[in-house]
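Asks: Data file coords-v9.cif (mmCIF, C-alpha atoms, pLDDT in the B column; chains and numbers go by the auth columns) is appended below.
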data_target
#
loop_
_atom_site.group_PDB
_atom_site.id
_atom_site.type_symbol
_atom_site.label_atom_id
_atom_site.label_comp_id
_atom_site.label_asym_id
_atom_site.label_seq_id
_atom_site.Cartn_x
_atom_site.Cartn_y
_atom_site.Cartn_z
_atom_site.B_iso_or_equiv
_atom_site.auth_seq_id
_atom_site.auth_asym_id
ATOM 1 C CA MET A 1 50.721 -182.869 91.961 50.00 194 A
ATOM 2 C CA THR A 2 52.968 -180.354 90.219 53.00 195 A
ATOM 3 C CA ASP A 3 55.286 -181.119 87.373 57.00 196 A
ATOM 4 C CA PRO A 4 58.909 -181.058 88.660 57.00 197 A
ATOM 5 C CA ALA A 5 59.998 -179.494 85.368 62.00 198 A
ATOM 6 C CA THR A 6 57.684 -176.513 85.938 64.00 199 A
ATOM 7 C CA PRO A 7 59.161 -173.899 88.267 67.00 200 A
ATOM 8 C CA ASP A 8 56.930 -172.772 91.106 88.00 201 A
ATOM 9 C CA ALA A 9 55.734 -169.188 91.405 89.00 202 A
ATOM 10 C CA ALA A 10 58.494 -168.260 93.855 92.00 203 A
ATOM 11 C CA ALA A 11 61.235 -169.524 91.512 91.00 204 A
ATOM 12 C CA ARG A 12 59.665 -167.690 88.578 91.00 205 A
ATOM 13 C CA GLU A 13 59.468 -164.434 90.532 93.00 206 A
ATOM 14 C CA ALA A 14 63.074 -164.827 91.703 94.00 207 A
ATOM 15 C CA LYS A 15 64.204 -165.287 88.097 94.00 208 A
ATOM 16 C CA ARG A 16 62.116 -162.281 86.997 94.00 209 A
ATOM 17 C CA ALA A 17 63.713 -160.175 89.761 96.00 210 A
ATOM 18 C CA ARG A 18 67.227 -161.230 88.655 96.00 211 A
ATOM 19 C CA LEU A 19 66.452 -160.231 85.072 96.00 212 A
ATOM 20 C CA TYR A 20 65.140 -156.861 86.263 97.00 213 A
ATOM 21 C CA GLU A 21 68.305 -156.307 88.313 97.00 214 A
ATOM 22 C CA ARG A 22 70.496 -157.078 85.303 97.00 215 A
ATOM 23 C CA TYR A 23 68.687 -155.502 82.339 96.00 216 A
ATOM 24 C CA ASN A 24 66.916 -152.415 81.027 95.00 217 A
ATOM 25 C CA ASN A 25 63.636 -152.243 82.967 97.00 218 A
ATOM 26 C CA THR A 26 61.804 -150.168 80.352 96.00 219 A
ATOM 27 C CA ALA A 27 62.682 -152.772 77.721 97.00 220 A
ATOM 28 C CA LEU A 28 61.600 -155.653 79.972 97.00 221 A
ATOM 29 C CA ASP A 29 58.294 -153.913 80.726 97.00 222 A
ATOM 30 C CA SER A 30 57.664 -153.291 77.010 95.00 223 A
ATOM 31 C CA GLY A 31 58.447 -156.851 76.020 95.00 224 A
ATOM 32 C CA GLN A 32 56.212 -158.328 78.710 94.00 225 A
ATOM 33 C CA ARG A 33 53.379 -155.954 77.811 92.00 226 A
ATOM 34 C CA ILE A 34 53.571 -156.981 74.173 91.00 227 A
ATOM 35 C CA GLN A 35 54.497 -160.670 74.361 91.00 228 A
ATOM 36 C CA GLY A 36 53.907 -161.796 77.934 90.00 229 A
ATOM 37 C CA GLU A 37 55.814 -164.759 79.250 90.00 230 A
ATOM 38 C CA PHE A 38 57.043 -165.801 75.798 90.00 231 A
ATOM 39 C CA PHE A 39 59.233 -162.704 75.911 94.00 232 A
ATOM 40 C CA LEU A 40 60.655 -163.530 79.338 95.00 233 A
ATOM 41 C CA ARG A 41 61.560 -166.988 78.109 94.00 234 A
ATOM 42 C CA LEU A 42 63.617 -165.460 75.273 94.00 235 A
ATOM 43 C CA VAL A 43 65.356 -163.079 77.672 97.00 236 A
ATOM 44 C CA GLU A 44 66.140 -165.973 79.998 96.00 237 A
ATOM 45 C CA GLU A 45 67.549 -168.057 77.136 96.00 238 A
ATOM 46 C CA TYR A 46 69.640 -165.189 75.752 97.00 239 A
ATOM 47 C CA ASP A 47 70.795 -164.221 79.258 97.00 240 A
ATOM 48 C CA GLU A 48 72.414 -167.615 79.730 96.00 241 A
ATOM 49 C CA LEU A 49 74.274 -167.341 76.426 97.00 242 A
ATOM 50 C CA ASP A 50 75.477 -163.728 76.203 97.00 243 A
ATOM 51 C CA GLN A 51 74.463 -160.988 78.624 97.00 244 A
ATOM 52 C CA GLU A 52 76.066 -158.153 76.676 98.00 245 A
ATOM 53 C CA TRP A 53 74.205 -159.102 73.491 97.00 246 A
ATOM 54 C CA THR A 54 70.978 -159.513 75.466 97.00 247 A
ATOM 55 C CA GLU A 55 71.234 -155.988 76.859 97.00 248 A
ATOM 56 C CA GLY A 56 71.850 -154.558 73.387 97.00 249 A
ATOM 57 C CA TRP A 57 68.928 -156.475 71.890 97.00 250 A
ATOM 58 C CA LEU A 58 66.588 -155.442 74.682 97.00 251 A
ATOM 59 C CA THR A 59 67.556 -151.782 74.556 97.00 252 A
ATOM 60 C CA TRP A 60 67.485 -151.440 70.775 97.00 253 A
ATOM 61 C CA ILE A 61 64.194 -153.210 70.136 94.00 254 A
ATOM 62 C CA TYR A 62 62.114 -153.134 73.298 95.00 255 A
ATOM 63 C CA ASP A 63 63.167 -149.749 74.655 95.00 256 A
ATOM 64 C CA LEU A 64 64.136 -147.589 71.687 95.00 257 A
ATOM 65 C CA GLN A 65 62.043 -149.036 68.840 93.00 258 A
ATOM 66 C CA TYR A 66 58.858 -150.066 70.652 91.00 259 A
ATOM 67 C CA ASN A 67 58.655 -146.818 72.628 92.00 260 A
ATOM 68 C CA ARG A 68 59.215 -144.246 69.895 92.00 261 A
ATOM 69 C CA GLY A 69 55.599 -143.052 70.124 92.00 262 A
ATOM 70 C CA ILE A 70 55.190 -142.516 66.376 95.00 263 A
ATOM 71 C CA LEU A 71 53.099 -145.625 65.761 94.00 264 A
ATOM 72 C CA ASP A 72 50.612 -147.161 68.142 94.00 265 A
ATOM 73 C CA GLU A 73 51.415 -150.735 69.196 93.00 266 A
ATOM 74 C CA LYS A 74 48.779 -152.321 66.964 95.00 267 A
ATOM 75 C CA THR A 75 50.113 -150.542 63.869 96.00 268 A
ATOM 76 C CA ARG A 76 53.683 -151.457 64.816 94.00 269 A
ATOM 77 C CA ILE A 77 52.928 -155.172 65.418 95.00 270 A
ATOM 78 C CA LEU A 78 50.554 -156.048 62.553 96.00 271 A
ATOM 79 C CA PRO A 79 53.293 -155.788 59.889 95.00 272 A
ATOM 80 C CA ILE A 80 55.400 -158.201 61.945 95.00 273 A
ATOM 81 C CA VAL A 81 52.668 -160.788 61.386 97.00 274 A
ATOM 82 C CA GLY A 82 53.154 -160.216 57.658 96.00 275 A
ATOM 83 C CA TYR A 83 56.920 -160.502 58.002 96.00 276 A
ATOM 84 C CA CYS A 84 56.494 -163.873 59.683 97.00 277 A
ATOM 85 C CA VAL A 85 54.408 -165.024 56.723 97.00 278 A
ATOM 86 C CA ILE A 86 56.922 -163.732 54.185 96.00 279 A
ATOM 87 C CA LEU A 87 59.782 -165.406 56.078 96.00 280 A
ATOM 88 C CA ASP A 88 57.669 -168.563 56.514 96.00 281 A
ATOM 89 C CA ASP A 89 58.351 -168.437 60.248 96.00 282 A
ATOM 90 C CA GLN A 90 55.504 -170.540 61.604 95.00 283 A
ATOM 91 C CA GLY A 91 57.298 -170.761 64.956 93.00 284 A
ATOM 92 C CA GLN A 92 57.130 -167.001 65.615 94.00 285 A
ATOM 93 C CA LEU A 93 53.796 -166.353 63.907 97.00 286 A
ATOM 94 C CA PRO A 94 51.550 -167.357 66.851 96.00 287 A
ATOM 95 C CA ASN A 95 53.584 -165.184 69.225 94.00 288 A
ATOM 96 C CA HIS A 96 53.156 -162.135 67.012 96.00 289 A
ATOM 97 C CA MET A 97 49.467 -162.847 66.419 97.00 290 A
ATOM 98 C CA ARG A 98 49.012 -162.923 70.210 96.00 291 A
ATOM 99 C CA ALA A 99 51.035 -159.702 70.575 95.00 292 A
ATOM 100 C CA ALA A 100 48.896 -158.024 67.902 97.00 293 A
ATOM 101 C CA MET A 101 45.731 -159.011 69.764 97.00 294 A
ATOM 102 C CA ARG A 102 47.186 -157.683 73.030 94.00 295 A
ATOM 103 C CA ALA A 103 47.723 -154.422 71.170 94.00 296 A
ATOM 104 C CA GLY A 104 44.083 -154.323 70.040 96.00 297 A
ATOM 105 C CA ALA A 105 44.045 -156.141 66.689 97.00 298 A
ATOM 106 C CA THR A 106 41.068 -158.340 65.960 97.00 299 A
ATOM 107 C CA PRO A 107 41.348 -161.890 64.635 97.00 300 A
ATOM 108 C CA ARG A 108 39.852 -160.602 61.357 97.00 301 A
ATOM 109 C CA GLU A 109 42.551 -157.932 61.015 98.00 302 A
ATOM 110 C CA ILE A 110 45.251 -160.538 61.592 98.00 303 A
ATOM 111 C CA LEU A 111 43.686 -162.801 58.978 98.00 304 A
ATOM 112 C CA GLU A 112 43.626 -159.907 56.528 97.00 305 A
ATOM 113 C CA ILE A 113 47.374 -159.381 57.004 97.00 306 A
ATOM 114 C CA ILE A 114 47.934 -163.087 56.330 97.00 307 A
ATOM 115 C CA LEU A 115 45.734 -163.082 53.231 97.00 308 A
ATOM 116 C CA GLN A 116 47.361 -159.907 51.883 96.00 309 A
ATOM 117 C CA SER A 117 50.779 -161.471 52.317 95.00 310 A
ATOM 118 C CA ALA A 118 50.051 -163.850 49.435 95.00 311 A
ATOM 119 C CA ILE A 119 50.972 -160.957 47.129 94.00 312 A
ATOM 120 C CA TYR A 120 54.573 -160.831 48.376 91.00 313 A
ATOM 121 C CA ALA A 121 55.085 -164.177 50.086 91.00 314 A
ATOM 122 C CA GLY A 122 53.323 -166.397 47.560 95.00 315 A
ATOM 123 C CA MET A 123 50.461 -168.809 48.069 96.00 316 A
ATOM 124 C CA PRO A 124 52.405 -171.683 49.694 96.00 317 A
ATOM 125 C CA ARG A 125 53.610 -169.467 52.550 96.00 318 A
ATOM 126 C CA MET A 126 50.241 -167.792 52.923 97.00 319 A
ATOM 127 C CA VAL A 127 48.527 -171.209 53.089 96.00 320 A
ATOM 128 C CA ARG A 128 50.920 -172.402 55.815 97.00 321 A
ATOM 129 C CA ALA A 129 50.309 -169.181 57.755 97.00 322 A
ATOM 130 C CA MET A 130 46.545 -169.507 57.294 97.00 323 A
ATOM 131 C CA ARG A 131 46.710 -173.004 58.760 96.00 324 A
ATOM 132 C CA THR A 132 48.773 -171.747 61.697 97.00 325 A
ATOM 133 C CA TYR A 133 46.182 -168.979 62.174 98.00 326 A
ATOM 134 C CA ARG A 134 43.312 -171.490 62.098 96.00 327 A
ATOM 135 C CA THR A 135 44.959 -173.714 64.704 95.00 328 A
ATOM 136 C CA PHE A 136 45.901 -170.760 66.906 96.00 329 A
ATOM 137 C CA MET A 137 42.440 -169.175 66.839 97.00 330 A
ATOM 138 C CA ARG A 138 40.737 -172.515 67.399 95.00 331 A
ATOM 139 C CA ASP A 139 43.059 -173.369 70.313 95.00 332 A
ATOM 140 C CA LEU A 140 42.338 -170.001 71.935 95.00 333 A
ATOM 141 C CA GLY A 141 38.604 -170.574 71.452 94.00 334 A
ATOM 142 C CA LEU A 142 38.265 -167.386 69.405 94.00 335 A
ATOM 143 C CA LEU A 143 36.906 -169.061 66.279 92.00 336 A
ATOM 144 C CA GLU A 144 34.849 -172.203 65.940 92.00 337 A
ATOM 145 C CA LEU A 145 36.643 -174.048 63.175 90.00 338 A
ATOM 146 C CA THR A 146 36.511 -177.660 62.111 89.00 339 A
ATOM 147 C CA GLU A 147 39.161 -179.897 60.635 85.00 340 A
ATOM 148 C CA PRO A 148 38.641 -180.157 56.866 84.00 341 A
ATOM 149 C CA VAL A 149 37.107 -183.459 55.830 82.00 342 A
ATOM 150 C CA PHE A 150 39.001 -183.513 52.538 76.00 343 A
ATOM 151 C CA ARG A 151 42.612 -184.652 52.394 74.00 344 A
ATOM 152 C CA GLY A 152 43.570 -182.855 49.214 74.00 345 A
ATOM 153 C CA ASP A 153 47.250 -183.658 49.425 71.00 346 A
ATOM 154 C CA ALA A 154 49.801 -185.732 47.563 70.00 347 A
ATOM 155 C CA ARG A 155 48.451 -188.939 49.133 68.00 348 A
ATOM 156 C CA GLU A 156 45.222 -188.537 47.223 65.00 349 A
ATOM 157 C CA PRO A 157 44.620 -191.472 44.841 66.00 350 A
#
Could you spell out this file's structure in structure tokens?

Replies:
Amino acid sequence: MTDPATPDAAAREAKRARLYERYNNTALDSGQRIQGEFFLRLVEEYDELDQEWTEGWLTWIYDLQYNRGILDEKTRILPIVGYCVILDDQGQLPNHMRAAMRAGATPREILEIILQSAIYAGMPRMVRAMRTYRTFMRDLGLLELTEPVFRGDAREP
């Protein structure tokens, strides 16, 4: 039994085709290559709000910036992981970790970016990012990690 809230493959492909008819195809291809379906969700959400803004965003970032050819994709995306840590954006961090891995980064390289960010972001933000990293890598089955047995928080007696 399928979930009625989940569109079937035909509906998804129809929506994808509409987006490709409306927007910059090079930008859409770049975004999907880097971020997969997460990217298409953003485009779909922005499309419903403001099509002119969506076209500008797509063209500027996913056509012009991501296709400059000066940096390889891995080098371009790894700093974005660090930016997410510095901004304490735990919502975007998993997306950019996934994009970095699609571009060839290893889990260890991503962890190094997170650990190095402590210098500029501070320990609290780095710790939150490290926990997001642990959960993400464990959920993907890339690292065998356990839940810590120690609480070590303000509820400690």

Asks: Go through the shown structure with the PyMOL selection byres ((chain A and resi 229) around 12) and write out the matching residues as a PyMOL selection string.

Replies: chain A and resi 221-228+230-236+288-289+291-296

Asks: Could you check the closest approach to Thr328 in chain A for each of A:Glu266, A:Glu340, A:Glu206, A:Glu248 and tell me which residue wins, using all atoms listed in the file?

Replies: A:Glu340

Asks: Just the number, please: distance in Å from CA of Gly275 in chain A to CA of Arg321 in chain A, one decimal.

Replies: 12.5 Å

Asks: If I take CA of Gln285 in chain A and CA of Thr268 in chain A, how far is one from the other in Å, to one decimal?

Replies: 18.0 Å

Asks: Running the PyMOL selection byres ((chain A and resi 320) around 12) on this model by hand, what would come out? Give it as a list in words.

Replies: Val278, Ile279, Asp281, Gln283, Leu304, Ile307, Leu308, Gln309, Ser310, Ala311, Ala314, Gly315, Met316, Pro317, Arg318, Met319, Arg321, Ala322, Met323, Arg324, Thr325, Tyr326 and Arg327 of chain A

Asks: For Gln244 in chain A, work out the shell of residues within 9 Å, counting all atoms listed in the file and skipping chain neighbours fewer than 4 positions away, then give it as a list in words.

Replies: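 Near Gln244 in chain A, the qualifying residues are Arg215, Tyr216, Tyr239, Asp240, Glu248 and Gly249 of chain A.
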
Asks: So, with only C-alpha atoms as the atoms that count, which of A:Val274, A:Trp246, A:Glu237, A:Leu251 lies closest to Arg209 in chain A?

Replies: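 Among the listed residues, the smallest separation from Arg209 in chain A belongs to A:Glu237.
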
Asks: My list of candidates is A:Val342, A:Glu241, A:Arg301, A:Ala202. Which is closest to Leu271 in chain A when distances are computed with all atoms listed in the file?

Replies: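 Closest to Leu271 in chain A, using all atoms listed in the file: A:Arg301.
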
Asks: Expand the PyMOL selection byres ((chain A and resi 336) around 12) into the individual residues it matches in the shown file, reporting them as an NGL selection string.

Replies: :A and (299-301 or 304 or 326-335 or 337-339)

Asks: How many Å separate CA of Pro272 in chain A from CA of Tyr255 in chain A?

Replies: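 According to the coordinates, CA of Pro272 in chain A and CA of Tyr255 in chain A are separated by 16.3 Å.
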
Asks: Identify which of the residues A:Asp282, A:Asp346, A:Asp256, A:Glu305 lies closest to Thr219 in chain A, counting all atoms listed in the file when measuring atom-to-atom distances.

Replies: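 The answer is A:Asp256, which sits nearest to Thr219 in chain A.
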
Asks: Show me, as AutoDock Vina command-line options, the centre and edge lengths in Å to one decimal of the axis-aligned box that covers every listed atom of range 336-339 of chain A with 5 Å on each side.

Replies:
--center_x 35.9 --center_y -173.4 --center_z 64.2 --size_x 12.1 --size_y 18.6 --size_z 14.2

Asks: Closest to Trp253 in chain A among A:Leu212, A:Leu286, A:Ile273, A:Ala220, using only C-alpha atoms?

Replies: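 Residue with the minimum atom-to-atom distance to Trp253 in chain A: A:Ala220.
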